[in-house]
Amino acid sequence: MAAPTVKAWITAFRLRTLPLALSSVLLGSFLAAQYGIFKWPVAILAVTTTLFLQILSNLANDYGDGVKGTDNEERIGPQRAIQSGEITTQAMKRMIVVFVILSLASGIGLILVSFSDDMFTSLVFLLLGMLSIAAAIKYTMGKGAYGYHGLGDLFVFLFFGLTGVVGTFYLHTHVMEWEIFLAASAVGFLSAGVLNLNNMRDRISDKNSGKNTLVVKIGGEAAKMYHAFLIIGAVICTALFILLEDIGAWAWIFLLTVPLFAKNLITVFKNKEPRLLDPLLKQLAISTLLFVLLLGVGSLL
């Protein structure tokens with residue numbers, strides 16, 4: 001078989017997922033700047049590491065679902081690289097190794113820039129980095145893939161929300177503020193919302209393939225209520241964060257994104273055809289990035 005084309009790899013990287021991946025590190029950096037401490041090398045390396053990890057997760061997901069047969073003719077979403085035959089399993093495994101190395105190298109660079117004189121904290125963040133790489137790979141790869149046991153939402157909340165925002169904030173500031181967990185939870189909820197949409201779209205094919213996502217476990221109608229909890233929870237956490245931090249009226253500019261979230265939620269509740277949920281993933285991911293930019297810039301004004 002001929003080597004995979006550049007176009008095939010770009011498709012496998014799933015660039016539409018990257019705005020969501022950026023949201024956590026951008027918010028963590030914005031909040032650090034609001035506290036008066038911002039380091040460009042930390043921000044750049046945090047963004048680079050996050051993008052590498054997200055692409056690694058996408059490739060591992062393509063491989064895991066491909067070899068397990070979950071990506072089949074019943075799947076509604078965009079055709080995957082292994083499913084289509086454009087990339088072989090061997091080529092995909094090699095590229096996964098490449099992005100493990102890139103993620104590790106970028107992450108180590110980030111730790112050295114931030115904690116050059118603090119060995120203990122460096123080791124703690126190195127451990128977190130290794131766990132992030134493992135989480136990216138084990139979502140669908142291997143026998144113990146947590147995405148097949150309804151744990152994907154939890155891991156997305158932990159790594160896209162808490163670890164991403166709080167971790168980035170700490171890399172800049174070297175201080176821990178518990179209120180930051182509220183802002184981090186908001187991003188975690190919205191990120192889990194994107195995964196929930198994905199799993200609602202693929203509920204039938206996932207169920208038939210033995211991929212027991214949270215949506216498969218609780219059913220389509222309960223998943224809509226769960227989606228409402230995630231969206232509304234994100235707005236409430238953000239409001240509480242602004243009130244407790246007293247960062248000024250401009251921070252409330254994030255409310256401009258509420259109509260976008262409301263539209264997403266209304267469409268979900270009206271939906272009767274799972275395949276029509278697919279455009280909502282990109283919409284919610286971009287809305288989340290816009291939410292972060294408005295909250296971040298507003299907190300600095």
# chains A, B, ... in the order shown; residues from 1 in each chain; ligands from 1
$ closest_atom_pairs --of "range 199-220 of chain A" --to "range 60-68 of chain A" --cutoff "10 Å" --atoms "only C-alpha atoms" --output "Markdown table"
| residue | atom | partner | partner_atom | distance |
| --- | --- | --- | --- | --- |
| A:Asp206 | CA | A:Asp65 | CA | 9.8 |
| A:Ser209 | CA | A:Lys68 | CA | 8.2 |
| A:Gly210 | CA | A:Lys68 | CA | 9.4 |
| A:Lys211 | CA | A:Asp65 | CA | 9.0 |
$ write_last_selection --atoms "C-alpha atoms" --output "PDB file, in the first residue's frame"
ATOM      1  CA  ASP A 206     -21.416   2.509  19.831  1.00  0.00           C
ATOM      2  CA  SER A 209     -20.062  -2.292  18.910  1.00  0.00           C
ATOM      3  CA  GLY A 210     -19.844  -2.715  22.681  1.00  0.00           C
ATOM      4  CA  LYS A 211     -18.561   0.819  23.315  1.00  0.00           C
TER       5      LYS A 211
END
$ residues_around --residues "range 144-160 of chain A" --least-positions-apart "6" --cutoff "8 Å" --atoms "only C-alpha atoms" --output "MDAnalysis selection string"
chainID A and resid 21 24 132 135 138 185 187:189 191:192 195:196 210:215 217
$ write_last_selection --atoms "C-alpha atoms" --output "short mmCIF file (atom, residue, chain, number, x, y, z; two decimals), in the first residue's frame"
data_model
loop_
_atom_site.label_atom_id
_atom_site.label_comp_id
_atom_site.auth_asym_id
_atom_site.auth_seq_id
_atom_site.Cartn_x
_atom_site.Cartn_y
_atom_site.Cartn_z
CA ALA A 21 -8.03 21.85 23.27
CA SER A 24 -8.04 25.41 28.81
CA SER A 132 -1.96 13.09 30.28
CA ALA A 135 -5.02 9.28 29.15
CA LYS A 138 -6.00 4.79 26.65
CA SER A 185 -14.83 23.49 35.91
CA VAL A 187 -14.25 24.72 30.63
CA GLY A 188 -14.38 21.10 31.79
CA PHE A 189 -18.18 21.07 31.60
CA SER A 191 -15.53 20.14 26.92
CA ALA A 192 -17.56 17.23 28.30
CA LEU A 195 -17.91 14.67 23.96
CA ASN A 196 -21.54 14.16 24.98
CA GLY A 210 -19.84 -2.71 22.68
CA LYS A 211 -18.56 0.82 23.31
CA ASN A 212 -20.46 1.63 26.50
CA THR A 213 -20.16 5.40 26.64
CA LEU A 214 -22.07 7.33 29.29
CA VAL A 215 -24.77 8.05 26.68
CA LYS A 217 -25.45 3.68 29.67
#
$ residues_around --residues "range 37-46 of chain A" --least-positions-apart "6" --cutoff "7 Å" --atoms "only C-alpha atoms" --output "ChimeraX atom specification"
/A:25,29,106,110,113-114,171-173
$ residues_around --residues "Val166 in chain A" --least-positions-apart "3" --cutoff "8 Å" --atoms "only C-alpha atoms" --output "PyMOL selection string"
chain A and resi 28+161-163+169-170+176+180-181+184
$ closest_residue --among "A:Val194, A:Leu51, A:Ala186, A:Ile10" --to "Pro279 in chain A" --atoms "only C-alpha atoms"
A:Val194
$ select_by_dssp --residues "range 73-249 of chain A" --states "alpha helix (DSSP H)" --output "JSON, numbers by chain"
{"A": [81, 82, 83, 84, 89, 90, 91, 92, 93, 94, 95, 96, 97, 98, 99, 100, 101, 102, 103, 104, 105, 106, 107, 108, 109, 110, 111, 112, 113, 114, 119, 120, 121, 122, 123, 124, 125, 126, 127, 128, 129, 130, 131, 132, 133, 134, 135, 136, 137, 138, 152, 153, 154, 155, 156, 167, 168, 169, 170, 171, 172, 173, 180, 181, 182, 183, 184, 185, 186, 187, 188, 189, 190, 191, 192, 193, 194, 195, 196, 197, 198, 199, 200, 201, 203, 204, 205, 206, 207, 208, 209, 214, 215, 216, 217, 218, 220, 221, 222, 223, 224, 225, 226, 227, 228, 229, 230, 231, 232, 233, 234, 235, 236, 237, 238, 239, 240, 241, 242, 243, 244, 245]}
$ atom_distance --atom1 "CA of Ile111 in chain A" --atom2 "CA of Leu123 in chain A"
8.8 Å
$ atom_distance --atom1 "CA of Gly220 in chain A" --atom2 "CA of Met200 in chain A"
6.6 Å
$ residues_around --residues "Leu56 in chain A" --least-positions-apart "4" --cutoff "9 Å" --atoms "only C-alpha atoms" --output "ChimeraX atom specification"
/A:13,51-52,60-61,95-100,103,133,136-137
$ write_last_selection --atoms "C-alpha atoms" --output "PDB file, in the first residue's frame"
ATOM      1  CA  PHE A  13      -5.318  14.963  13.067  1.00  0.00           C
ATOM      2  CA  LEU A  51      -1.935  20.652  20.611  1.00  0.00           C
ATOM      3  CA  PHE A  52       0.445  17.683  20.499  1.00  0.00           C
ATOM      4  CA  ALA A  60      -5.062   6.939  19.269  1.00  0.00           C
ATOM      5  CA  ASN A  61      -8.858   7.199  19.093  1.00  0.00           C
ATOM      6  CA  MET A  95       2.616   8.336  14.065  1.00  0.00           C
ATOM      7  CA  ILE A  96       1.242   7.782  17.580  1.00  0.00           C
ATOM      8  CA  VAL A  97       4.801   7.137  18.772  1.00  0.00           C
ATOM      9  CA  VAL A  98       5.940  10.336  17.035  1.00  0.00           C
ATOM     10  CA  PHE A  99       3.340  12.399  18.886  1.00  0.00           C
ATOM     11  CA  VAL A 100       4.120  10.706  22.200  1.00  0.00           C
ATOM     12  CA  SER A 103       4.263  15.701  23.601  1.00  0.00           C
ATOM     13  CA  ILE A 133      -0.150  11.085  27.607  1.00  0.00           C
ATOM     14  CA  ALA A 136      -4.745  10.417  25.516  1.00  0.00           C
ATOM     15  CA  ILE A 137      -3.755   6.908  24.432  1.00  0.00           C
TER      16      ILE A 137
END
$ atom_distance --atom1 "CA of Lys93 in chain A" --atom2 "CA of Leu128 in chain A"
23.1 Å
$ closest_residue --among "A:Gln34, A:Asn264, A:Thr140, A:Thr11" --to "Ser84 in chain A" --atoms "only C-alpha atoms"
A:Thr11
$ closest_residue --among "A:Thr5, A:Ser299, A:Thr17, A:Asn198" --to "Gln54 in chain A" --atoms "only C-alpha atoms"
A:Thr17
$ closest_residue --among "A:Ala234, A:Val175, A:Leu197, A:Leu276" --to "Gly36 in chain A" --atoms "only C-alpha atoms"
A:Val175
$ residues_around --residues "Val292 in chain A" --least-positions-apart "5" --cutoff "9 Å" --atoms "only C-alpha atoms" --output "PyMOL selection string"
chain A and resi 23-24+26-27+30+187+254+287+297
$ closest_residue --among "A:Asn208, A:Thr48, A:Asn271, A:Thr168" --to "Leu104 in chain A" --atoms "only C-alpha atoms"
A:Thr48
$ closest_residue --among "A:Phe125, A:Arg80, A:Ala228, A:Pro274" --to "Ser205 in chain A" --atoms "only C-alpha atoms"
A:Pro274
